[in-house]
$ cat structure.txt   # compact mmCIF, C-alpha atoms
# COMPACT_ATOMS: atom_id res chain seq x y z
CA MET A 1 17.07 41.55 -46.97
CA GLU A 2 16.74 43.79 -50.01
CA ILE A 3 19.47 42.42 -52.28
CA ASP A 4 19.31 45.30 -54.77
CA ARG A 5 20.38 47.78 -52.09
CA TYR A 6 23.74 46.00 -51.78
CA ARG A 7 24.21 45.15 -55.46
CA ARG A 8 27.48 47.04 -55.86
CA GLN A 9 28.90 45.52 -52.66
CA ILE A 10 27.86 42.00 -53.72
CA LEU A 11 29.93 42.48 -56.88
CA VAL A 12 33.05 42.67 -54.69
CA LYS A 13 34.57 39.19 -54.86
CA GLU A 14 35.51 39.24 -51.19
CA ILE A 15 31.82 39.67 -50.29
CA GLY A 16 29.57 38.13 -52.93
CA GLN A 17 25.95 37.16 -52.36
CA LYS A 18 26.93 34.49 -49.82
CA GLY A 19 28.90 37.01 -47.77
CA GLN A 20 26.12 39.59 -47.91
CA LYS A 21 23.59 37.06 -46.61
CA LEU A 22 25.99 36.16 -43.81
CA LEU A 23 26.34 39.82 -42.81
CA ALA A 24 22.55 40.03 -42.70
CA SER A 25 22.56 37.46 -39.88
CA LYS A 26 25.10 39.20 -37.62
CA HIS A 27 24.62 41.32 -34.49
CA ALA A 28 27.16 43.99 -33.52
CA ILE A 29 27.61 45.88 -30.26
CA LEU A 30 29.18 49.33 -30.55
CA ILE A 31 30.46 50.88 -27.32
CA GLY A 32 30.93 54.64 -27.71
CA GLY A 33 29.02 56.86 -30.12
CA GLY A 34 31.37 59.82 -30.57
CA GLY A 35 33.62 60.67 -33.50
CA LEU A 36 34.83 57.12 -34.10
CA GLY A 37 31.70 55.26 -33.05
CA SER A 38 29.18 57.35 -34.95
CA ASN A 39 31.19 57.05 -38.17
CA SER A 40 31.61 53.29 -37.73
CA ALA A 41 27.91 52.78 -37.01
CA ASN A 42 26.99 54.88 -40.04
CA LEU A 43 29.10 52.69 -42.32
CA LEU A 44 28.09 49.34 -40.85
CA ILE A 45 24.34 49.89 -41.12
CA ARG A 46 24.80 50.90 -44.76
CA MET A 47 26.83 47.75 -45.44
CA GLY A 48 23.98 45.52 -44.32
CA ILE A 49 24.59 43.85 -40.96
CA GLU A 50 21.41 42.53 -39.35
CA SER A 51 21.43 44.59 -36.15
CA ILE A 52 23.56 46.91 -34.07
CA ASP A 53 23.30 48.13 -30.48
CA ILE A 54 24.92 51.52 -29.86
CA ILE A 55 25.83 52.06 -26.20
CA ASP A 56 26.77 55.51 -24.94
CA TYR A 57 25.86 57.46 -21.80
CA ASP A 58 27.15 60.81 -23.08
CA THR A 59 25.37 63.72 -24.74
CA ILE A 60 26.36 65.47 -27.96
CA ASP A 61 28.66 68.45 -27.55
CA LYS A 62 29.63 71.09 -30.09
CA THR A 63 33.13 69.66 -30.07
CA ASN A 64 31.74 66.41 -31.53
CA LEU A 65 30.54 68.15 -34.69
CA HIS A 66 33.94 68.66 -36.32
CA ARG A 67 34.70 64.94 -36.52
CA THR A 68 31.42 63.27 -37.47
CA ALA A 69 28.99 63.55 -40.37
CA VAL A 70 26.05 62.14 -38.41
CA PHE A 71 25.30 64.83 -35.79
CA SER A 72 24.11 68.41 -36.42
CA GLU A 73 23.94 71.59 -34.33
CA GLN A 74 20.31 70.78 -33.51
CA ASP A 75 21.49 67.60 -31.75
CA VAL A 76 23.70 69.35 -29.18
CA GLY A 77 22.70 68.31 -25.66
CA LYS A 78 20.84 65.18 -26.80
CA SER A 79 21.80 61.57 -26.12
CA LYS A 80 24.38 60.27 -28.60
CA ALA A 81 22.95 56.76 -28.54
CA LEU A 82 19.34 57.81 -29.07
CA VAL A 83 20.14 60.32 -31.83
CA LEU A 84 22.19 57.67 -33.63
CA GLN A 85 19.32 55.21 -33.34
CA GLU A 86 16.85 57.65 -34.88
CA ARG A 87 19.19 58.98 -37.55
CA LEU A 88 20.65 55.67 -38.69
CA GLN A 89 17.41 53.70 -38.57
CA SER A 90 16.01 56.10 -41.16
CA VAL A 91 18.98 55.32 -43.43
CA ASN A 92 18.42 51.56 -43.53
CA THR A 93 15.20 49.97 -42.30
CA ASP A 94 16.62 46.51 -43.12
CA VAL A 95 18.93 46.89 -40.12
CA GLN A 96 17.72 46.97 -36.52
CA VAL A 97 19.38 49.90 -34.75
CA LYS A 98 19.05 50.17 -30.98
CA GLY A 99 20.43 53.07 -28.97
CA ILE A 100 21.23 52.30 -25.33
CA ASN A 101 21.74 55.37 -23.15
CA LYS A 102 23.75 53.60 -20.48
CA LYS A 103 27.22 53.73 -18.96
CA VAL A 104 29.22 50.52 -19.47
CA THR A 105 30.66 49.17 -16.22
CA SER A 106 32.20 45.95 -14.94
CA LYS A 107 28.81 45.08 -13.45
CA ASN A 108 26.71 45.36 -16.61
CA ILE A 109 29.07 44.74 -19.52
CA LYS A 110 28.42 40.98 -19.69
CA SER A 111 24.66 41.46 -20.06
CA LEU A 112 25.19 44.18 -22.68
CA VAL A 113 27.54 42.21 -24.96
CA GLN A 114 26.75 38.53 -24.42
CA LEU A 115 24.68 38.19 -27.62
CA ALA A 116 27.19 39.99 -29.85
CA ASP A 117 28.88 38.46 -32.86
CA VAL A 118 31.41 41.29 -32.62
CA ILE A 119 32.12 44.23 -30.30
CA ILE A 120 33.22 47.51 -31.89
CA ASP A 121 35.33 49.99 -29.94
CA GLY A 122 34.17 53.60 -30.15
CA THR A 123 35.57 54.58 -26.76
CA ASP A 124 38.26 57.13 -25.90
CA ASN A 125 39.86 55.76 -22.74
CA ILE A 126 42.17 52.89 -21.86
CA PRO A 127 40.40 51.54 -18.74
CA LEU A 128 37.16 50.92 -20.67
CA ARG A 129 39.06 49.25 -23.52
CA LEU A 130 40.77 46.97 -21.00
CA LEU A 131 37.36 46.05 -19.59
CA ILE A 132 36.03 45.32 -23.09
CA ASN A 133 39.13 43.26 -23.82
CA GLU A 134 38.87 41.17 -20.67
CA THR A 135 35.14 40.54 -21.18
CA ALA A 136 35.54 39.71 -24.86
CA ILE A 137 38.36 37.24 -24.24
CA LYS A 138 36.53 35.59 -21.33
CA HIS A 139 33.31 35.12 -23.32
CA LYS A 140 35.03 34.42 -26.66
CA ILE A 141 33.60 37.41 -28.51
CA PRO A 142 35.74 39.03 -31.25
CA TRP A 143 36.21 42.76 -30.94
CA VAL A 144 37.78 45.51 -33.03
CA TYR A 145 39.85 48.15 -31.27
CA ALA A 146 40.31 51.62 -32.77
CA GLY A 147 41.94 54.75 -31.41
CA VAL A 148 42.86 58.21 -32.67
CA TYR A 149 45.35 60.84 -31.51
CA GLU A 150 46.30 64.03 -33.35
CA THR A 151 46.82 62.74 -36.93
CA VAL A 152 47.44 59.06 -36.17
CA GLY A 153 44.92 56.24 -35.84
CA MET A 154 45.24 52.57 -34.94
CA VAL A 155 42.96 49.60 -35.57
CA MET A 156 43.28 45.98 -34.49
CA ALA A 157 40.78 43.14 -34.72
CA ILE A 158 41.12 40.80 -31.75
CA LEU A 159 40.08 37.15 -31.96
CA PRO A 160 40.00 35.49 -28.52
CA LYS A 161 42.84 32.99 -28.05
CA LYS A 162 43.84 33.37 -31.73
CA THR A 163 45.39 36.82 -32.00
CA ALA A 164 47.16 39.13 -29.58
CA CYS A 165 44.72 40.89 -27.30
CA PHE A 166 44.62 44.55 -26.28
CA GLN A 167 46.51 43.81 -23.07
CA CYS A 168 49.32 42.25 -25.12
CA ILE A 169 50.00 45.52 -26.94
CA THR A 170 49.62 47.74 -23.88
CA PRO A 171 51.44 46.04 -21.00
CA ASN A 172 52.24 49.30 -19.20
CA ILE A 173 49.49 51.88 -19.60
CA PRO A 174 49.50 55.19 -17.72
CA ASP A 175 46.25 56.25 -16.11
CA SER A 176 44.23 58.31 -18.59
CA LYS A 177 43.79 62.00 -17.80
CA THR A 178 40.74 64.19 -18.28
CA GLN A 179 42.36 66.60 -20.73
CA GLU A 180 40.94 66.67 -24.24
CA ILE A 181 42.51 64.45 -26.87
CA PRO A 182 43.77 66.40 -29.92
CA VAL A 183 42.20 65.01 -33.11
CA LEU A 184 42.29 66.16 -36.74
CA GLY A 185 38.68 66.36 -37.91
CA SER A 186 39.10 63.99 -40.85
CA LEU A 187 40.90 61.29 -38.84
CA PRO A 188 37.96 59.52 -37.10
CA ALA A 189 36.08 58.96 -40.37
CA THR A 190 39.22 57.54 -41.99
CA ILE A 191 39.98 55.20 -39.09
CA ALA A 192 36.31 54.23 -38.76
CA ALA A 193 36.34 53.05 -42.38
CA ILE A 194 39.37 50.87 -41.66
CA GLN A 195 37.71 49.60 -38.48
CA CYS A 196 34.57 48.68 -40.42
CA ASN A 197 36.59 46.78 -43.01
CA GLU A 198 38.24 44.72 -40.27
CA THR A 199 34.85 44.20 -38.60
CA ILE A 200 33.34 42.87 -41.83
CA LYS A 201 36.29 40.49 -42.22
CA VAL A 202 35.76 39.20 -38.69
CA LEU A 203 32.04 38.64 -39.34
CA LEU A 204 32.83 36.77 -42.56
CA GLY A 205 35.35 34.54 -40.79
CA LYS A 206 38.39 36.07 -42.51
CA GLN A 207 41.78 36.60 -40.90
CA PRO A 208 42.31 40.21 -39.69
CA ALA A 209 45.38 42.12 -40.84
CA GLY A 210 47.08 42.84 -37.50
CA LEU A 211 47.77 46.18 -35.82
CA LEU A 212 47.10 48.85 -38.44
CA ILE A 213 48.66 52.28 -37.97
CA TYR A 214 47.82 55.22 -40.24
CA ASP A 215 49.18 58.77 -40.08
CA VAL A 216 46.77 60.74 -42.28
CA TRP A 217 48.90 63.90 -42.24
CA ASN A 218 52.09 62.29 -43.50
CA GLN A 219 50.26 59.58 -45.46
CA TYR A 220 52.15 56.83 -43.68
CA PHE A 221 50.56 53.39 -43.31
CA ASP A 222 52.01 50.41 -41.50
CA ILE A 223 50.86 46.93 -40.47
CA LEU A 224 52.42 45.23 -37.46
CA ASP A 225 52.13 41.49 -36.98
CA VAL A 226 51.71 41.48 -33.21
CA LYS A 227 52.21 38.11 -31.53
CA ARG A 228 50.33 36.94 -28.47
CA ASN A 229 52.20 37.38 -25.22
CA PRO A 230 52.32 33.93 -23.57
CA CYS A 231 52.56 35.68 -20.20
CA CYS A 232 49.58 37.99 -20.85
CA PRO A 233 47.27 37.90 -17.81
CA ILE A 234 44.21 38.02 -20.09
CA CYS A 235 44.88 35.80 -23.09
CA GLY A 236 48.16 34.00 -22.21
CA LYS A 237 48.65 30.63 -20.65
CA LYS A 238 47.76 30.85 -16.98
$ encode --input "structure.txt" --output "structure tokens"
Amino acid sequence: MEIDRYRRQILVKEIGQKGQKLLASKHAILIGGGGLGSNSANLLIRMGIESIDIIDYDTIDKTNLHRTAVFSEQDVGKSKALVLQERLQSVNTDVQVKGINKKVTSKNIKSLVQLADVIIDGTDNIPLRLLINETAIKHKIPWVYAGVYETVGMVMAILPKKTACFQCITPNIPDSKTQEIPVLGSLPATIAAIQCNETIKVLLGKQPAGLLIYDVWNQYFDILDVKRNPCCPICGKK
């Protein structure tokens, strides 16, 4: 690890040299490389984690360009995961970046995430988040949820059997539709930064903040202390 690269971050008392060395030993799995995921990956590889796998089966569309600083017009039609691997690896050769052009399913998710120190949510649909949640809780892997809608974003770090899980905060979820989700262009980058901060805290063994809600249009920020649901079918007492 090239210490000088992270000199300014090491000066932050919450990180320090000990924390930076710990980050340099951690492996992250990012599922979803769109607006949220690409911004989160971009930040994390610059902050000095050891390695990150970016899993996405989708290709880059023009509509992705307004909410990410990583893709360009020349990338339209290419694999999100593979473009992110190439682009981000050139930013930081200290970090191992691996793009996986694969669809995450109930059949392969265990093999994809089993070596992760943390799973990062870059998805845009509830069923996949529920699958990530169930797998993470079952295999005791922390994960960090993030979602955006119009001008509002939410982030919550989930520690298996210690914090509320995703199922706890969404007990009755309607089936997601195929219509496009409205998103202010600046929102994913803002929420990704918050998601990365919570991810770093998880990797350093710090307590996450809770359910974070930020409305970037009205500049309203709130933190909810969500309790575990003892009757939750995923993390509650059976």
$ residues_around --input "structure.txt" --residues "range 58-61 of chain A" --least-positions-apart "5" --cutoff "9 Å" --atoms "only C-alpha atoms" --output "PyMOL selection string"
chain A and resi 32-34+71+73+75-81+83+101-103
$ residues_around --input "structure.txt" --residues "Pro233 in chain A" --least-positions-apart "3" --cutoff "12 Å" --atoms "only C-alpha atoms" --output "JSON, numbers by chain"
{"A": [130, 133, 134, 137, 138, 164, 165, 166, 167, 168, 170, 171, 228, 229, 230, 236, 237, 238]}
$ atom_distance --input "structure.txt" --atom1 "CA of Pro160 in chain A" --atom2 "CA of Asn125 in chain A"
21.1 Å
$ atom_distance --input "structure.txt" --atom1 "CA of Pro127 in chain A" --atom2 "CA of Gln207 in chain A"
26.8 Å
$ closest_residue --input "structure.txt" --among "A:Thr151, A:Ile213, A:Leu65, A:Ile54" --to "Leu112 in chain A" --atoms "only C-alpha atoms"
A:Ile54
$ residues_around --input "structure.txt" --residues "Tyr149 in chain A" --least-positions-apart "3" --cutoff "10 Å" --atoms "all atoms listed in the file" --output "ChimeraX atom specification"
/A:124,152-154,181-184,187-188,215
$ closest_residue --input "structure.txt" --among "A:Gly147, A:Gly185, A:Gly16, A:Gly37" --to "Asp56 in chain A" --atoms "all atoms listed in the file"
A:Gly37
$ residues_around --input "structure.txt" --residues "Leu115 in chain A" --least-positions-apart "3" --cutoff "12 Å" --atoms "only C-alpha atoms" --output "JSON, numbers by chain"
{"A": [26, 27, 28, 29, 51, 52, 53, 109, 110, 111, 112, 118, 119, 136, 139, 140, 141, 142]}
$ write_last_selection --input "structure.txt" --atoms "C-alpha atoms" --output "mmCIF file, in the coordinates of the input"
data_model
loop_
_atom_site.group_PDB
_atom_site.id
_atom_site.type_symbol
_atom_site.label_atom_id
_atom_site.label_comp_id
_atom_site.auth_asym_id
_atom_site.auth_seq_id
_atom_site.Cartn_x
_atom_site.Cartn_y
_atom_site.Cartn_z
ATOM 1 C CA LYS A 26 25.100 39.200 -37.620
ATOM 2 C CA HIS A 27 24.620 41.320 -34.490
ATOM 3 C CA ALA A 28 27.160 43.990 -33.520
ATOM 4 C CA ILE A 29 27.610 45.880 -30.260
ATOM 5 C CA SER A 51 21.430 44.590 -36.150
ATOM 6 C CA ILE A 52 23.560 46.910 -34.070
ATOM 7 C CA ASP A 53 23.300 48.130 -30.480
ATOM 8 C CA ILE A 109 29.070 44.740 -19.520
ATOM 9 C CA LYS A 110 28.420 40.980 -19.690
ATOM 10 C CA SER A 111 24.660 41.460 -20.060
ATOM 11 C CA LEU A 112 25.190 44.180 -22.680
ATOM 12 C CA VAL A 118 31.410 41.290 -32.620
ATOM 13 C CA ILE A 119 32.120 44.230 -30.300
ATOM 14 C CA ALA A 136 35.540 39.710 -24.860
ATOM 15 C CA HIS A 139 33.310 35.120 -23.320
ATOM 16 C CA LYS A 140 35.030 34.420 -26.660
ATOM 17 C CA ILE A 141 33.600 37.410 -28.510
ATOM 18 C CA PRO A 142 35.740 39.030 -31.250
#
$ axis_aligned_box --input "structure.txt" --around "range 90-94 of chain A" --padding-each-side "6 Å" --output "lines of an AutoDock Vina configuration file"
center_x = 17.1
center_y = 51.3
center_z = -42.3
size_x = 15.8
size_y = 21.6
size_z = 14.4
$ atom_distance --input "structure.txt" --atom1 "CA of Leu224 in chain A" --atom2 "CA of Pro208 in chain A"
11.5 Å
$ closest_residue --input "structure.txt" --among "A:Cys231, A:Met1, A:Leu212, A:Ala157" --to "Ala24 in chain A" --atoms "all atoms listed in the file"
A:Met1
$ residues_around --input "structure.txt" --residues "range 38-42 of chain A" --least-positions-apart "2" --cutoff "8 Å" --atoms "only C-alpha atoms" --output "list of chain:residue names"
A:Leu30, A:Gly32, A:Gly33, A:Gly34, A:Gly35, A:Leu36, A:Leu44, A:Ile45, A:Arg46, A:Ile52, A:Ile54, A:Thr68, A:Ala69, A:Val70, A:Leu84, A:Leu88, A:Gly122, A:Pro188, A:Ala189, A:Ala192, A:Ala193, A:Gln195, A:Cys196
$ build_atoms --input "structure.txt" --residues "range 141-157 of chain A" --atoms "N, CA and C atoms" --output "PDB file, in the coordinates of the input"
ATOM      1  N   ILE A 141      34.261  36.515 -27.554  1.00  0.00           N
ATOM      2  CA  ILE A 141      33.600  37.410 -28.510  1.00  0.00           C
ATOM      3  C   ILE A 141      34.676  38.228 -29.230  1.00  0.00           C
ATOM      4  N   PRO A 142      34.770  38.176 -30.545  1.00  0.00           N
ATOM      5  CA  PRO A 142      35.740  39.030 -31.250  1.00  0.00           C
ATOM      6  C   PRO A 142      35.413  40.507 -31.023  1.00  0.00           C
ATOM      7  N   TRP A 143      36.465  41.332 -31.006  1.00  0.00           N
ATOM      8  CA  TRP A 143      36.210  42.760 -30.940  1.00  0.00           C
ATOM      9  C   TRP A 143      37.261  43.512 -31.747  1.00  0.00           C
ATOM     10  N   VAL A 144      36.907  44.728 -32.154  1.00  0.00           N
ATOM     11  CA  VAL A 144      37.780  45.510 -33.030  1.00  0.00           C
ATOM     12  C   VAL A 144      38.105  46.835 -32.350  1.00  0.00           C
ATOM     13  N   TYR A 145      39.354  46.939 -31.913  1.00  0.00           N
ATOM     14  CA  TYR A 145      39.850  48.150 -31.270  1.00  0.00           C
ATOM     15  C   TYR A 145      40.141  49.228 -32.306  1.00  0.00           C
ATOM     16  N   ALA A 146      39.892  50.484 -31.946  1.00  0.00           N
ATOM     17  CA  ALA A 146      40.310  51.620 -32.770  1.00  0.00           C
ATOM     18  C   ALA A 146      40.585  52.806 -31.856  1.00  0.00           C
ATOM     19  N   GLY A 147      41.609  53.563 -32.186  1.00  0.00           N
ATOM     20  CA  GLY A 147      41.940  54.750 -31.410  1.00  0.00           C
ATOM     21  C   GLY A 147      42.516  55.827 -32.293  1.00  0.00           C
ATOM     22  N   VAL A 148      42.331  57.079 -31.896  1.00  0.00           N
ATOM     23  CA  VAL A 148      42.860  58.210 -32.670  1.00  0.00           C
ATOM     24  C   VAL A 148      43.561  59.185 -31.741  1.00  0.00           C
ATOM     25  N   TYR A 149      44.621  59.814 -32.258  1.00  0.00           N
ATOM     26  CA  TYR A 149      45.350  60.840 -31.510  1.00  0.00           C
ATOM     27  C   TYR A 149      46.059  61.752 -32.501  1.00  0.00           C
ATOM     28  N   GLU A 150      45.744  63.032 -32.436  1.00  0.00           N
ATOM     29  CA  GLU A 150      46.300  64.030 -33.350  1.00  0.00           C
ATOM     30  C   GLU A 150      46.030  63.628 -34.801  1.00  0.00           C
ATOM     31  N   THR A 151      47.025  63.127 -35.525  1.00  0.00           N
ATOM     32  CA  THR A 151      46.820  62.740 -36.930  1.00  0.00           C
ATOM     33  C   THR A 151      46.999  61.241 -37.151  1.00  0.00           C
ATOM     34  N   VAL A 152      47.143  60.485 -36.065  1.00  0.00           N
ATOM     35  CA  VAL A 152      47.440  59.060 -36.170  1.00  0.00           C
ATOM     36  C   VAL A 152      46.292  58.227 -35.604  1.00  0.00           C
ATOM     37  N   GLY A 153      45.937  57.167 -36.313  1.00  0.00           N
ATOM     38  CA  GLY A 153      44.920  56.240 -35.840  1.00  0.00           C
ATOM     39  C   GLY A 153      45.433  54.821 -35.860  1.00  0.00           C
ATOM     40  N   MET A 154      44.868  53.984 -34.995  1.00  0.00           N
ATOM     41  CA  MET A 154      45.240  52.570 -34.940  1.00  0.00           C
ATOM     42  C   MET A 154      43.982  51.713 -34.904  1.00  0.00           C
ATOM     43  N   VAL A 155      44.073  50.551 -35.544  1.00  0.00           N
ATOM     44  CA  VAL A 155      42.960  49.600 -35.570  1.00  0.00           C
ATOM     45  C   VAL A 155      43.547  48.200 -35.396  1.00  0.00           C
ATOM     46  N   MET A 156      42.878  47.368 -34.587  1.00  0.00           N
ATOM     47  CA  MET A 156      43.280  45.980 -34.490  1.00  0.00           C
ATOM     48  C   MET A 156      42.080  45.113 -34.161  1.00  0.00           C
ATOM     49  N   ALA A 157      41.819  44.120 -35.003  1.00  0.00           N
ATOM     50  CA  ALA A 157      40.780  43.140 -34.720  1.00  0.00           C
ATOM     51  C   ALA A 157      41.367  42.068 -33.808  1.00  0.00           C
TER      52      ALA A 157
END
